[in-house]
Structures are given as C-alpha cells and as structure tokens.
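Q: This is the structure, below, for whatever I ask next.
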Amino acid sequence: MLNRNLIAYIELTLAMAIVGSSVVVGKLLIATFPVFLGAGLRFAIASMVLVPMLIGREKGIPSVSRKDWLFLFMQTLTGVFLFSIFLLYGLKWTTAAESGLISSTTPGVLGLISFVFLRERMTLNKVMGIAFTLFGVIAINLIDASGSVGRGSNPLLGNLLVFGAVVGEALVTIFRKVVSEKVTPLMSATVMSVLGMVMFLPFAIYEARDFDWLRTTIADWVPVTYYGIVVTVVAFVLWFRGVSKVPASIAAVFTGVWPVSAVLLSYIVLKEHFVISHLLGAICVLLGIGFISRESLETRAKQPIVKDSV
C-alpha cells in the first residue's frame with residue numbers, strides 16, 4: 001500500500017508541476033505564434049496523440065449520448081476555447097508568475113460557483129478557502145501595484161483575463177458532474193482536444209495567412225509541441241493514473257504544486273523578478289487550497305475509491 005500510494009503521489013506531483021509549467025510555456029508560445037494559431041496547433045498535436053490512444057485503449061470510438069455530447073461541447077467551449085484565449089491573451093500583459101498564482105485559485109472559484117449555481121452547502125472550510133483565495137488575488141493585484149518592477153505592462157488587465165480562464169476551468173468541473181460515467185476521462189480529453197482544434201481552426205487559418213512560417217526555428221516549435229504533448233497528454237495521463245490509486249480528496253491537496261511550479265519556473269526560465277506580492281499571494285492561495293482540501297477530506301474520506309480508466 002505504501003509503494004502504491006508513493007507512486008500515486010509522484011504521479012500527482014509531476015502532473016501538477018507540468019500544469020504549472022504550462023503558464024511559462026504559454027508565455028514562450030505567444031512570443032512566436034499568434035494566440036489562435038498557437039492554440040490551434042497545440043490541440044492539433046494533442047489530437048494526433050490522443051485519438052490513436054483512445055482507439056487503442058477503448059478498442060474503437062465509444063458511443064456517446066446526445067446529452068453527453070452537449071456537455072462535452074460546453075466543457076470544450078469553456079475549458080479549452082475560452083480558457084486558452086483568456087490565458088494566452090492575459091499572458092501578454094502580466095507575468096507568468098502572477099498568471100500561475102491566479103490560475104491556482106480554481107478550487108476556490110469552483111466552490112463559489114457550486115454554491116451559487118448548484119446550491120451546494122457552504123461549510124466553514126469552504127468559506128475560509130474562498131476567503132483566502134480572494135485575499136491571495138487581492139495581494140497579487142494591489143500590493144506593489146503602482147509601477148512595481150518586474151510586473152507586466154498591464155498586470156491588472158492581464159490578471160483579470162487569467163481569472164476569466166479560471167472561471168472557464170471551474171465550469172469544466174461543473175459540466176463534468178453531469179456527464180455520464182460511461183464517458184471516460186480519456187474519452188473526454190480526446191473529444192475536447194478534437195473539438196478545441198475545430199473551434200480554433202477558422203481563426204488559426206486566418207492568422208496563418210499573414211504568419212511568416214520561414215522565420216520560425218526548431219526552438220520556436222518546442223513550446224507548442226510541449227504544450228500539445230506534455231501538458232495536454234502526459235499531465236492528463238499522470239493525473240488520472242494517480243487519482244485512480246488514491247481518494248480524490250487526497251489528490252486535491254496536490255493542486256498546491258501548481259502555483260509553486262509556475263512561480264519557480266517563471267523565475268528560473270523566464271528570469272522574472274521576485275515581487276513581495278507573489279509571496280503573500282501564494283501563501284494565501286495555498287492556505288485556501290488547504291482549507292478546501294480539508295473539506296474534501298472530511299466529507300469524502302469514507303467514500304470508496306473510484307477508479308478512472310485511462
């Protein structure tokens with residue numbers, strides 16, 4: 001059991017570290033490719049990997065009901081299309097470090113959306129988690145906001161767009177709750193990648209007409225390839241392999257690796273400057289994740305482990 005859990009913890013940690021790196025890689029991607037073209041290429045690459053993987057593991061394309069197709073479409077619209085647009089455009093005006101911290105507020109936003117729209121019970125842990133998440137966002141945006149060195153050209157606008165991406169990501173979880181259990185995580189990821197590619201296609205073609213393909217180098221293709229394969233495919237596989245071995249409530253704790261990874265990599269890879277608001281914001285956000293994870297542990301610890309097929 002110890003070895004099984006240890007392997008799961010490693011898989012979950014690596015998955016969230018990769019998710020954190022996606023913010024840094026997104027910053028590198030938009031330095032070369034326009035937003036819609038870069039995102040379209042990402043999901044085209046991911047689709048080329050996921051479709052054969054799905055066919056191989058599921059022995060064909062599983063049948064999906066009309067209701068499930070509707071919610072898969074809504075998941076793609078909010079968690080792939082709008083998420084990518086908000087995040088990549090937000091990265092134009094803010095830093096990768098701040099984007100990573102804002103993105104990590106997803107558990108708090110999800111708790112608030114669940115309370116407002118799904119009428120889920122609001123416990124003390126949830127209230128504290130949402131409150132600390134809000135404090136973290138305020139710390140990131142207001143402390144040292146007046147001309148601080150090392151921040152983006154318009155951090156408030158950039159962070160607002162990234163927060164829009166967070167809302168889109170949270171809605172994915174909401175829609176996932178009403179999708180049939182027959183739709184496996186691998187099926188969801190594949191459908192969302194293919195639909196995402198289709199959604200970005202017309203805009204990507206428009207941007208591709210004026211894009212100077214001859215000036216791109218092998219180094220320019222590394223971020224989009226990494227985004228398509230490592231972030232979209234590898235992180236997914238690692239996450240659901242880990243979740244299949246431990247309760248989801250335990251897995252939720254590992255989302256705290258996301259902001260830590262994003263901030264550290266932004267300093268190491270992008271050479272972004274340290275800002276005191278990053279530290280204060282990160283502490284608040286991690287505390288928020290801790291309270292929400294504690295709530296999950298208390299309410300779901302006695303439930304049986306649900307194993308997802310990957």
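For the structure tokens, the naming scheme is as follows: chains receive sequential letters (A, B, ...) according to their order of presentation, residues are indexed from 1 within each chain, and ligands are indexed from 1 in presentation order.
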Please identify all polymer residues within 12 Å of Asp212 (chain A), counting only C-alpha atoms, omitting same-chain residues fewer than 4 positions from it, and present them as an mmCIF file with C-alpha atoms, in the first residue's frame.
A:
```cif
data_model
loop_
_atom_site.group_PDB
_atom_site.id
_atom_site.type_symbol
_atom_site.label_atom_id
_atom_site.label_comp_id
_atom_site.auth_asym_id
_atom_site.auth_seq_id
_atom_site.Cartn_x
_atom_site.Cartn_y
_atom_site.Cartn_z
ATOM 1 C CA THR A 32 6.377 33.432 -31.584
ATOM 2 C CA PHE A 33 2.857 32.409 -32.573
ATOM 3 C CA PRO A 34 -0.378 34.435 -32.561
ATOM 4 C CA GLU A 207 -3.803 34.217 -38.597
ATOM 5 C CA ALA A 208 -1.731 31.676 -40.541
ATOM 6 C CA THR A 216 10.402 30.057 -37.282
ATOM 7 C CA THR A 217 13.174 27.872 -35.895
#
```
Q: Taking a cut-off of 10 Å and counting only C-alpha atoms, can you build a table that, for each residue of region 49-133 of chain A near region 253-264 of chain A, reports the nearest atom pair and how far apart they are in Å (one decimal), sorted by chain then residue number, as a Markdown table?
A:
```
| residue | atom | partner | partner_atom | distance |
| --- | --- | --- | --- | --- |
| A:Thr95 | CA | A:Val263 | CA | 9.5 |
| A:Ala96 | CA | A:Ala262 | CA | 6.9 |
| A:Ala97 | CA | A:Val263 | CA | 4.4 |
| A:Glu98 | CA | A:Val263 | CA | 7.5 |
| A:Ser99 | CA | A:Ala262 | CA | 8.1 |
| A:Gly100 | CA | A:Ala262 | CA | 5.0 |
| A:Leu101 | CA | A:Pro259 | CA | 5.0 |
| A:Ile102 | CA | A:Pro259 | CA | 8.2 |
| A:Ser103 | CA | A:Pro259 | CA | 7.6 |
| A:Ser104 | CA | A:Pro259 | CA | 5.7 |
| A:Thr105 | CA | A:Pro259 | CA | 9.0 |
| A:Thr106 | CA | A:Thr255 | CA | 9.4 |
| A:Pro107 | CA | A:Thr255 | CA | 8.6 |
```
Q: Write out as a VMD selection string each polymer residue whose atoms come within 9 Å of Thr173 (chain A), counting only C-alpha atoms; drop sequence neighbours fewer than 2 positions from it.
A: chain A and resid 75 79 110 169 to 171 175 to 177
Q: Just want the 10 Å neighbourhood of region 128-143 of chain A, counted on only C-alpha atoms, with same-chain residues fewer than 2 positions away dropped. Output as a short mmCIF file (atom, residue, chain, number, x, y, z; two decimals) with N, CA and C atoms, in the first residue's frame.
A:
```
data_model
loop_
_atom_site.label_atom_id
_atom_site.label_comp_id
_atom_site.auth_asym_id
_atom_site.auth_seq_id
_atom_site.Cartn_x
_atom_site.Cartn_y
_atom_site.Cartn_z
N ALA A 97 4.43 34.30 -13.48
CA ALA A 97 4.31 34.04 -12.04
C ALA A 97 2.93 34.41 -11.53
N GLU A 98 2.48 35.62 -11.88
CA GLU A 98 1.17 36.07 -11.42
C GLU A 98 0.06 35.25 -12.07
N SER A 99 0.24 34.88 -13.33
CA SER A 99 -0.76 34.05 -14.01
C SER A 99 -0.89 32.70 -13.32
N LEU A 101 -0.29 32.00 -10.17
CA LEU A 101 -0.95 32.17 -8.89
C LEU A 101 -2.45 32.40 -9.07
N ILE A 102 -2.82 33.22 -10.04
CA ILE A 102 -4.24 33.46 -10.31
C ILE A 102 -4.92 32.16 -10.76
N SER A 103 -4.24 31.40 -11.62
CA SER A 103 -4.82 30.15 -12.12
C SER A 103 -5.06 29.15 -11.01
N SER A 104 -4.24 29.19 -9.98
CA SER A 104 -4.36 28.21 -8.89
C SER A 104 -5.54 28.49 -7.98
N THR A 105 -6.28 29.57 -8.24
CA THR A 105 -7.46 29.87 -7.42
C THR A 105 -8.67 29.06 -7.88
N THR A 106 -8.48 28.17 -8.85
CA THR A 106 -9.60 27.39 -9.39
C THR A 106 -10.43 26.69 -8.32
N PRO A 107 -9.82 26.00 -7.31
CA PRO A 107 -10.65 25.34 -6.28
C PRO A 107 -11.58 26.30 -5.56
N GLY A 108 -11.10 27.50 -5.25
CA GLY A 108 -11.94 28.49 -4.58
C GLY A 108 -13.07 28.97 -5.46
N VAL A 109 -12.76 29.24 -6.72
CA VAL A 109 -13.79 29.68 -7.67
C VAL A 109 -14.82 28.57 -7.89
N LEU A 110 -14.33 27.33 -7.96
CA LEU A 110 -15.24 26.20 -8.14
C LEU A 110 -16.19 26.08 -6.95
N GLY A 111 -15.67 26.27 -5.75
CA GLY A 111 -16.52 26.21 -4.56
C GLY A 111 -17.59 27.28 -4.58
N LEU A 112 -17.23 28.49 -5.03
CA LEU A 112 -18.19 29.59 -5.09
C LEU A 112 -19.25 29.34 -6.14
N THR A 123 -19.77 25.25 3.83
CA THR A 123 -19.25 24.96 5.16
C THR A 123 -18.18 26.00 5.54
N LEU A 124 -17.75 25.92 6.79
CA LEU A 124 -16.73 26.85 7.27
C LEU A 124 -15.43 26.70 6.49
N ASN A 125 -15.03 25.45 6.20
CA ASN A 125 -13.80 25.23 5.44
C ASN A 125 -13.89 25.84 4.04
N LYS A 126 -15.05 25.70 3.41
CA LYS A 126 -15.23 26.29 2.09
C LYS A 126 -15.17 27.81 2.15
N ALA A 145 1.34 47.50 -6.66
CA ALA A 145 0.75 47.60 -7.99
C ALA A 145 1.18 48.85 -8.74
N SER A 146 1.62 49.88 -8.02
CA SER A 146 1.95 51.14 -8.69
C SER A 146 3.37 51.12 -9.20
N SER A 148 5.47 48.73 -10.00
CA SER A 148 6.44 47.79 -9.43
C SER A 148 7.28 47.17 -10.52
N PRO A 155 -0.69 44.60 -15.66
CA PRO A 155 -0.95 43.40 -14.86
C PRO A 155 -2.39 43.26 -14.42
N LEU A 156 -3.09 44.37 -14.15
CA LEU A 156 -4.48 44.26 -13.70
C LEU A 156 -5.35 43.67 -14.81
N LEU A 157 -5.20 44.16 -16.04
CA LEU A 157 -5.96 43.63 -17.17
C LEU A 157 -5.55 42.19 -17.44
N ASN A 159 -4.23 39.95 -15.38
CA ASN A 159 -4.70 39.05 -14.33
C ASN A 159 -6.22 38.87 -14.39
N LEU A 160 -6.93 39.91 -14.83
CA LEU A 160 -8.38 39.80 -14.98
C LEU A 160 -8.72 38.78 -16.08
N PHE A 163 -8.03 35.38 -14.77
CA PHE A 163 -9.12 34.98 -13.87
C PHE A 163 -10.32 34.50 -14.67
N VAL A 275 8.64 39.55 -6.67
CA VAL A 275 7.83 40.63 -6.13
C VAL A 275 7.21 40.13 -4.84
N ILE A 276 7.21 40.95 -3.78
CA ILE A 276 6.72 40.53 -2.47
C ILE A 276 5.27 40.09 -2.54
N SER A 277 4.48 40.70 -3.45
CA SER A 277 3.08 40.33 -3.56
C SER A 277 2.92 38.89 -4.02
N HIS A 278 3.91 38.37 -4.77
CA HIS A 278 3.86 36.98 -5.21
C HIS A 278 3.89 36.05 -3.99
N LEU A 279 4.77 36.34 -3.05
CA LEU A 279 4.91 35.50 -1.86
C LEU A 279 3.65 35.55 -1.01
N LEU A 280 3.15 36.77 -0.78
CA LEU A 280 1.95 36.91 0.04
C LEU A 280 0.75 36.26 -0.65
N GLY A 281 0.63 36.48 -1.95
CA GLY A 281 -0.48 35.88 -2.70
C GLY A 281 -0.41 34.37 -2.69
N ALA A 282 0.81 33.82 -2.87
CA ALA A 282 0.98 32.37 -2.89
C ALA A 282 0.61 31.76 -1.54
N ILE A 283 1.00 32.40 -0.44
CA ILE A 283 0.66 31.89 0.89
C ILE A 283 -0.85 31.84 1.07
N CYS A 284 -1.53 32.92 0.67
CA CYS A 284 -2.98 32.96 0.81
C CYS A 284 -3.67 31.91 -0.04
N VAL A 285 -3.21 31.78 -1.29
CA VAL A 285 -3.82 30.81 -2.20
C VAL A 285 -3.61 29.38 -1.69
N LEU A 286 -2.40 29.09 -1.22
CA LEU A 286 -2.11 27.74 -0.70
C LEU A 286 -2.94 27.45 0.56
N LEU A 287 -3.13 28.46 1.39
CA LEU A 287 -3.99 28.28 2.56
C LEU A 287 -5.43 28.00 2.12
N GLY A 288 -5.87 28.71 1.08
CA GLY A 288 -7.21 28.48 0.55
C GLY A 288 -7.38 27.07 0.03
N ILE A 289 -6.38 26.59 -0.72
CA ILE A 289 -6.40 25.21 -1.22
C ILE A 289 -6.41 24.23 -0.05
N GLY A 290 -5.65 24.55 1.00
CA GLY A 290 -5.59 23.69 2.16
C GLY A 290 -6.94 23.54 2.84
N PHE A 291 -7.66 24.65 3.01
CA PHE A 291 -8.98 24.59 3.65
C PHE A 291 -9.96 23.79 2.79
N ILE A 292 -9.94 24.03 1.47
CA ILE A 292 -10.87 23.31 0.59
C ILE A 292 -10.52 21.83 0.54
N SER A 293 -9.22 21.51 0.55
CA SER A 293 -8.81 20.11 0.57
C SER A 293 -9.23 19.44 1.88
N ARG A 294 -9.14 20.20 2.97
CA ARG A 294 -9.56 19.66 4.27
C ARG A 294 -11.05 19.34 4.26
N GLU A 295 -11.82 20.22 3.62
CA GLU A 295 -13.26 19.96 3.49
C GLU A 295 -13.51 18.69 2.70
#
```
Q: As a VMD selection string, list the residues of region 35-262 of chain A assigned to helix (DSSP H, G or I) by DSSP on the backbone atoms of this structure.
A: chain A and resid 35 to 58 66 to 90 96 to 103 106 to 117 124 to 142 155 to 176 185 to 209 213 to 215 218 to 243 248 to 262
Q: Which residue is closest to Val178 (chain A)? Choose from A:Leu29, A:Leu70, A:Ala8, A:Ile113 and count only C-alpha atoms.
A: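 Among A:Leu29, A:Leu70, A:Ala8, A:Ile113, it is A:Leu70 that comes nearest to Val178 (chain A).
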Q: Which distance in Å separates CA of Pro223 (chain A) and CA of Val25 (chain A), to one decimal?
A: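 CA of Pro223 (chain A) sits 5.6 Å away from CA of Val25 (chain A).
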Q: Using only C-alpha atoms, which residue out of A:Leu91, A:Leu186, A:Met192, A:Ile45 lies closest to Arg241 (chain A)?
A: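 The closest residue to Arg241 (chain A) is A:Leu186.
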Q: Ranking A:Val51, A:Ala31, A:Ala15, A:Ile10 by minimum distance to Ser193 (chain A) and counting only C-alpha atoms, which one comes first?
A: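 That would be A:Val51, the residue with the smallest distance to Ser193 (chain A).
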Q: Figure out the distance between CA of Gly26 (chain A) and CA of Leu270 (chain A), please, to one decimal in Å.
A: 11.4 Å
Q: Just want the 10 Å neighbourhood of Met48 (chain A), counted on only C-alpha atoms, with same-chain residues fewer than 2 positions away dropped. Output as a list in words.
A: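 Near neighbours after the sequence-gap exclusion: Phe43, Ala44, Ile45, Ala46, Leu50, Val51, Pro52, Met53, Thr190, Ser193, Val194, Gly228 and Ile229 of chain A.
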Q: Would you kindly return, as an mmCIF file with C-alpha atoms, in the first residue's frame, each protein, DNA or RNA residue with an atom no farther than 12 Å from any atom of Pro202 (chain A), considering only C-alpha atoms and excluding same-chain residues fewer than 5 positions away?
A:
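Once everything was written out, this is result.cif:
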```cif
data_model
loop_
_atom_site.group_PDB
_atom_site.id
_atom_site.type_symbol
_atom_site.label_atom_id
_atom_site.label_comp_id
_atom_site.auth_asym_id
_atom_site.auth_seq_id
_atom_site.Cartn_x
_atom_site.Cartn_y
_atom_site.Cartn_z
ATOM 1 C CA PHE A 36 -5.343 31.468 -32.094
ATOM 2 C CA LEU A 37 -2.707 29.887 -34.325
ATOM 3 C CA ALA A 39 -3.659 27.268 -29.569
ATOM 4 C CA GLY A 40 -4.884 25.578 -32.738
ATOM 5 C CA GLY A 196 -10.915 22.518 -29.458
ATOM 6 C CA MET A 197 -8.898 22.112 -32.644
ATOM 7 C CA GLU A 207 -3.803 34.217 -38.597
ATOM 8 C CA ALA A 208 -1.731 31.676 -40.541
ATOM 9 C CA ARG A 209 -2.225 33.619 -43.784
#
```
